[in-house]
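Have a look at work_16.cif; it's mmCIF, C-alpha atoms:
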data_coords
#
loop_
_atom_site.label_atom_id
_atom_site.label_comp_id
_atom_site.auth_asym_id
_atom_site.auth_seq_id
_atom_site.Cartn_x
_atom_site.Cartn_y
_atom_site.Cartn_z
CA MET M 156 0.00 0.00 0.00
CA THR M 157 1.75 3.10 -1.19
CA ALA M 158 1.41 6.56 0.30
CA ALA M 159 -0.61 7.75 -2.71
CA THR M 160 -3.17 5.01 -2.07
CA VAL M 161 -3.41 6.06 1.58
CA LEU M 162 -3.99 9.66 0.46
CA LEU M 163 -6.65 8.61 -2.04
CA TRP M 164 -8.56 6.55 0.51
CA SER M 165 -8.33 9.14 3.25
CA VAL M 166 -9.53 11.88 0.91
CA THR M 167 -12.44 9.64 -0.08
CA ALA M 168 -13.22 8.96 3.59
CA ALA M 169 -13.03 12.69 4.32
CA GLN M 170 -15.49 13.41 1.51
CA VAL M 171 -17.89 10.79 2.85
CA MET M 172 -17.60 12.25 6.37
CA LEU M 173 -18.29 15.77 5.11
CA VAL M 174 -21.33 14.56 3.18
CA VAL M 175 -22.62 12.81 6.33
CA ALA M 176 -22.06 16.07 8.25
CA MET M 177 -24.08 17.93 5.61
CA GLY M 178 -26.79 15.29 6.02
CA CYS M 179 -26.90 15.98 9.78
CA TYR M 180 -27.22 19.70 9.12
CA THR M 181 -29.94 19.06 6.53
CA TYR M 182 -31.90 17.08 9.11
CA ARG M 183 -31.59 19.98 11.54
CA LEU M 184 -32.54 22.41 8.75
CA ILE M 185 -35.77 20.51 8.10
CA ARG M 186 -36.63 19.47 11.66
CA GLY M 187 -35.19 22.50 13.51
CA PRO M 188 -37.72 23.67 16.05
CA ARG M 189 -37.25 27.36 15.39
CA ALA M 190 -35.98 29.72 12.73
CA GLN M 191 -32.63 30.39 14.40
CA ASP M 192 -31.79 26.68 14.35
CA ARG M 193 -32.38 26.66 10.62
CA VAL M 194 -30.18 29.71 10.08
CA LEU M 195 -27.44 28.13 12.21
CA SER M 196 -27.50 24.89 10.29
CA LEU M 197 -27.52 26.77 6.96
CA ASP M 198 -24.40 28.69 8.03
CA ALA M 199 -22.70 25.44 9.10
CA MET M 200 -23.71 23.84 5.81
CA TYR M 201 -21.95 26.64 3.94
CA VAL M 202 -18.74 25.93 5.87
CA THR M 203 -19.07 22.19 5.25
CA ALA M 204 -19.66 22.69 1.52
CA MET M 205 -16.60 24.94 1.39
CA LEU M 206 -14.54 22.17 3.03
CA LEU M 207 -15.94 19.66 0.54
CA VAL M 208 -14.84 21.81 -2.40
CA LEU M 209 -11.40 22.22 -0.80
CA THR M 210 -11.13 18.43 -0.40
CA THR M 211 -12.08 17.95 -4.04
CA GLY M 212 -9.29 20.38 -4.90
CA ILE M 213 -6.77 18.24 -2.98
CA ARG M 214 -8.09 15.12 -4.69
CA THR M 215 -7.74 16.43 -8.24
CA GLY M 216 -4.62 18.47 -7.56
CA SER M 217 -5.99 21.50 -9.43
CA ALA M 218 -5.85 24.96 -7.87
CA ILE M 219 -9.08 26.15 -9.47
CA TYR M 220 -11.23 24.81 -6.63
CA PHE M 221 -9.68 27.33 -4.25
CA GLU M 222 -11.62 30.19 -5.84
CA GLY M 223 -14.87 28.28 -5.58
CA ALA M 224 -14.22 27.62 -1.89
CA LEU M 225 -13.45 31.30 -1.27
CA ILE M 226 -16.65 32.40 -3.03
CA ILE M 227 -18.72 29.92 -1.01
CA ALA M 228 -17.16 31.25 2.21
CA VAL M 229 -17.96 34.89 1.29
CA LEU M 230 -21.53 34.09 0.20
CA GLY M 231 -22.12 32.06 3.37
CA PHE M 232 -21.01 34.93 5.58
CA VAL M 233 -23.16 37.52 3.79
CA SER M 234 -26.29 35.35 3.70
CA SER M 235 -25.99 34.31 7.36
CA ILE M 236 -25.53 37.91 8.45
CA ALA M 237 -28.57 38.94 6.40
CA LEU M 238 -30.72 36.16 7.88
CA ALA M 239 -29.59 36.92 11.46
CA LYS M 240 -30.35 40.61 10.89
CA PHE M 241 -33.76 39.66 9.56
CA LEU M 242 -34.50 37.58 12.66
CA MET M 243 -33.43 40.47 14.86
CA ARG M 244 -35.23 43.33 13.17
CA GLY M 245 -37.68 42.00 10.61
CA GLU M 246 -35.77 43.88 7.91
CA VAL M 247 -32.38 43.34 6.33
CA ILE M 248 -31.55 46.90 5.29
CA GLU M 249 -33.15 49.69 7.27
CA MET A 554 -6.47 11.30 -8.82
CA THR A 555 -4.21 12.90 -11.37
CA GLY A 556 -2.12 15.49 -9.56
CA ALA A 557 -1.89 14.31 -5.98
CA ALA A 558 -0.32 10.96 -6.98
CA ASP A 559 2.98 12.74 -7.58
CA LEU A 560 3.39 13.67 -3.94
CA PRO A 561 6.33 12.20 -1.99
CA ALA A 562 5.42 9.77 0.75
CA TRP A 563 5.86 12.06 3.77
CA ALA A 564 3.73 14.82 2.18
CA ALA A 565 1.02 12.36 1.13
CA LEU A 566 0.79 10.84 4.62
CA LEU A 567 0.75 14.24 6.33
CA THR A 568 -1.91 15.53 3.92
CA ALA A 569 -4.01 12.42 4.51
CA PHE A 570 -3.77 12.87 8.27
CA LEU A 571 -4.73 16.56 8.13
CA VAL A 572 -7.65 15.91 5.78
CA LEU A 573 -8.98 13.17 8.05
CA VAL A 574 -8.62 15.39 11.14
CA GLY A 575 -10.47 18.25 9.47
CA ALA A 576 -13.32 16.09 8.19
CA GLY A 577 -13.59 14.23 11.51
CA LEU A 578 -13.86 17.46 13.50
CA THR A 579 -16.53 18.77 11.11
CA LEU A 580 -18.49 15.54 11.44
CA ALA A 581 -18.20 15.70 15.26
CA GLY A 582 -19.57 19.24 15.17
CA ALA A 583 -22.49 18.15 12.98
CA ILE A 584 -23.36 15.27 15.30
CA GLY A 585 -23.14 17.61 18.27
CA ASN A 586 -25.49 20.02 16.53
CA LEU A 587 -27.90 17.13 16.10
CA ARG A 588 -27.75 15.93 19.71
CA PHE A 589 -27.74 19.10 21.83
CA GLY A 590 -31.01 20.12 23.39
CA SER A 591 -31.36 23.88 23.26
CA PHE A 592 -30.29 26.49 20.74
CA PHE A 593 -27.70 28.06 23.02
CA GLU A 594 -25.96 24.69 23.39
CA ARG A 595 -26.37 23.97 19.70
CA VAL A 596 -24.68 27.18 18.64
CA HIS A 597 -21.36 25.90 20.01
CA ALA A 598 -21.15 22.69 18.01
CA PRO A 599 -20.57 23.91 14.42
CA THR A 600 -17.62 26.04 15.55
CA LEU A 601 -15.67 22.78 15.81
CA GLY A 602 -15.82 22.61 12.02
CA SER A 603 -15.17 26.28 11.44
CA SER A 604 -12.13 26.48 13.72
CA TRP A 605 -9.86 23.45 13.42
CA GLY A 606 -11.90 21.65 10.81
CA THR A 607 -11.20 24.50 8.43
CA GLY A 608 -7.69 24.96 9.86
CA ALA A 609 -6.60 21.39 9.26
CA MET A 610 -8.13 21.32 5.78
CA VAL A 611 -6.44 24.60 4.83
CA LEU A 612 -3.10 23.29 6.16
CA ALA A 613 -3.54 20.08 4.13
CA SER A 614 -4.30 22.06 0.98
CA MET A 615 -1.34 24.38 1.52
CA LEU A 616 1.01 21.44 2.10
CA CYS A 617 -0.29 19.51 -0.92
CA PHE A 618 -0.02 22.38 -3.39
CA SER A 619 3.29 23.65 -1.99
CA VAL A 620 4.93 20.25 -2.48
CA LEU A 621 3.24 19.72 -5.87
CA GLY A 622 4.33 23.12 -7.18
CA SER A 623 7.79 23.10 -5.49
CA ARG A 624 7.09 26.60 -4.23
CA PRO A 625 5.28 27.96 -1.20
CA VAL A 626 1.55 28.27 -1.94
CA VAL A 627 -0.10 30.20 0.86
CA HIS A 628 -3.23 31.66 -0.70
CA GLU A 629 -5.41 29.11 1.10
CA ILE A 630 -4.64 31.02 4.29
CA LEU A 631 -7.16 33.60 2.99
CA ILE A 632 -9.98 31.11 3.58
CA GLY A 633 -8.69 30.37 7.08
CA ILE A 634 -8.45 34.05 8.02
CA PHE A 635 -11.85 34.80 6.52
CA ILE A 636 -13.65 31.97 8.32
CA THR A 637 -11.88 32.81 11.58
CA VAL A 638 -12.93 36.45 11.36
CA THR A 639 -16.51 35.98 10.17
CA THR A 640 -17.79 33.00 12.20
CA PRO A 641 -17.85 34.82 15.58
CA VAL A 642 -19.59 37.80 13.99
CA THR A 643 -22.33 35.61 12.50
CA LEU A 644 -22.87 33.48 15.58
CA MET A 645 -22.91 36.39 18.03
CA LEU A 646 -25.44 38.23 15.86
CA LEU A 647 -27.55 35.08 15.66
CA ALA A 648 -27.37 34.48 19.42
CA ARG A 649 -28.37 38.08 20.13
CA ALA A 650 -31.29 37.75 17.74
CA THR A 651 -32.33 34.57 19.55
CA ILE A 652 -32.15 36.24 22.96
CA TYR A 653 -34.20 39.13 21.62
CA ARG A 654 -36.83 36.79 20.16
CA ASP A 655 -37.02 34.67 23.32
CA ARG A 656 -37.41 37.77 25.49
CA SER A 657 -40.09 39.27 23.32
CA GLU A 658 -42.02 36.00 23.58
CA GLY A 659 -41.64 36.01 27.37
CA SER A 660 -39.75 32.75 27.43
CA GLU A 661 -38.54 31.39 30.77
CA ARG A 662 -35.24 30.13 29.42
CA VAL A 663 -33.49 33.49 29.08
CA PRO A 664 -32.81 35.79 32.02
CA PRO A 665 -34.86 38.98 32.05
CA ARG A 666 -33.26 42.21 31.00
CA THR A 667 -31.94 43.92 34.10
CA VAL A 668 -32.39 47.66 34.17
CA MET A 669 -29.46 49.55 35.56
CA ARG A 670 -30.22 53.14 36.41
CA LEU A 671 -27.67 55.58 37.69
CA PRO A 672 -28.92 57.86 40.47
CA ARG A 673 -29.58 61.42 39.45
CA ARG A 674 -27.79 64.25 41.16
CA GLY A 675 -29.26 65.00 44.59
CA GLU A 676 -31.10 61.67 44.66
CA PRO A 677 -30.03 59.23 47.40
CA ASN A 678 -27.90 56.40 46.03
CA GLU A 679 -29.40 53.26 47.50
CA ASP A 680 -26.69 51.00 46.11
CA ALA A 681 -24.07 52.99 48.00
CA GLY A 682 -25.88 52.53 51.30
CA ASP A 683 -27.82 55.81 51.52
CA THR A 684 -31.23 55.52 53.13
CA PRO A 685 -34.00 56.99 51.04
CA SER A 686 -35.50 60.02 52.70
#
In structure tokens, how does this file's structure come out?
Amino acid sequence: MTAATVLLWSVTAAQVMLVVAMGCYTYRLIRGPRAQDRVLSLDAMYVTAMLLVLTTGIRTGSAIYFEGALIIAVLGFVSSIALAKFLMRGEVIE
Amino acid sequence: MTGAADLPAWAALLTAFLVLVGAGLTLAGAIGNLRFGSFFERVHAPTLGSSWGTGAMVLASMLCFSVLGSRPVVHEILIGIFITVTTPVTLMLLARATIYRDRSEGSERVPPRTVMRLPRRGEPNEDAGDTPS
């Protein structure tokens, strides 16, 4: 078993674990008793999706996935802030 | 698996370890988010993924691409800095919104807002031990 095989299998296992984590957050997003639980799990899902894209970048060895991960991180921050502001005030921009 | 097969053994093993640590921490945070009872406990769990889950994955990516390109590649640190800066902002805003919503519903789970009032000039200060006249 060479080191490249170990890397391939561990990257695959990491991708499966991240997908399971996104499944947990999806369950909380659907079941979540209140709106703030849903916003929290959406924010965590953005982070997990960003990690999944980063892992895909390691797997393929191409640097183009980095930009996708950065864009997902920025969009996740802006949308979570907007949703939290909406829960607080009832408006996003006042 | 085209690019990452060219890695030397030590870099491949270290990258594999860091990737597994990052994904494992993120999964632990997700399971914690599923199992905790109240929102204020639940808000702690996903930070496991956004602190060292992201940190380990960013380190793995930096190591992999630095060794592949034979030059230091550090632009992944942008993601790490950005997540580190923005996650507390989001979660504190969300927790404050939750406290506000719980208070306005009269929930028993949050402490009531305590009103602190400074004594006006000439008024006896009861906190300092003055007896009200």
Practice prompt. Just the residues within 12 Å of stretch 589-597 of chain A, please, counting all atoms listed in the file, with nothing from its chain fewer than 4 positions along; format it as a ChimeraX atom specification.
Written response: /M:180,183,187-196,198-199 /A:581-585,601-604,640-641,643-652,655,662-663
Distance limit 7 Å, atoms considered: all atoms listed in the file. Which chain M residues sit that close to chain A? Return them as a compact mmCIF listing (two decimals) with C-alpha atoms, in the coordinates of the input.
# COMPACT_ATOMS: atom_id res chain seq x y z
CA ALA M 158 1.41 6.56 0.30
CA ALA M 159 -0.61 7.75 -2.71
CA LEU M 162 -3.99 9.66 0.46
CA SER M 165 -8.33 9.14 3.25
CA VAL M 166 -9.53 11.88 0.91
CA ALA M 169 -13.03 12.69 4.32
CA MET M 172 -17.60 12.25 6.37
CA LEU M 173 -18.29 15.77 5.11
CA ALA M 176 -22.06 16.07 8.25
CA CYS M 179 -26.90 15.98 9.78
CA TYR M 180 -27.22 19.70 9.12
CA ARG M 183 -31.59 19.98 11.54
CA GLN M 191 -32.63 30.39 14.40
CA ASP M 192 -31.79 26.68 14.35
CA ALA M 199 -22.70 25.44 9.10
CA VAL M 202 -18.74 25.93 5.87
CA LEU M 206 -14.54 22.17 3.03
CA ILE M 213 -6.77 18.24 -2.98
CA ARG M 214 -8.09 15.12 -4.69
CA THR M 215 -7.74 16.43 -8.24
CA GLY M 216 -4.62 18.47 -7.56
CA LEU M 225 -13.45 31.30 -1.27
CA PHE M 232 -21.01 34.93 5.58
CA SER M 235 -25.99 34.31 7.36
CA ILE M 236 -25.53 37.91 8.45
CA ALA M 239 -29.59 36.92 11.46
CA LEU M 242 -34.50 37.58 12.66
CA MET M 243 -33.43 40.47 14.86
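Note that the spacing between atom CA of M:Ser234 and atom CA of M:Tyr201 amounts to 9.7 Å.
Here atom CA of A:Thr637 is placed at a distance of 14.3 Å from atom CA of M:Thr203.
Counting all atoms listed in the file, the residue from M:Ile226, M:Ala204, M:Arg186, M:Thr160 that sits nearest to M:Val174 is M:Ala204.
Atom CA of A:Ile630 lies 8.1 Å from atom CA of A:Leu612.
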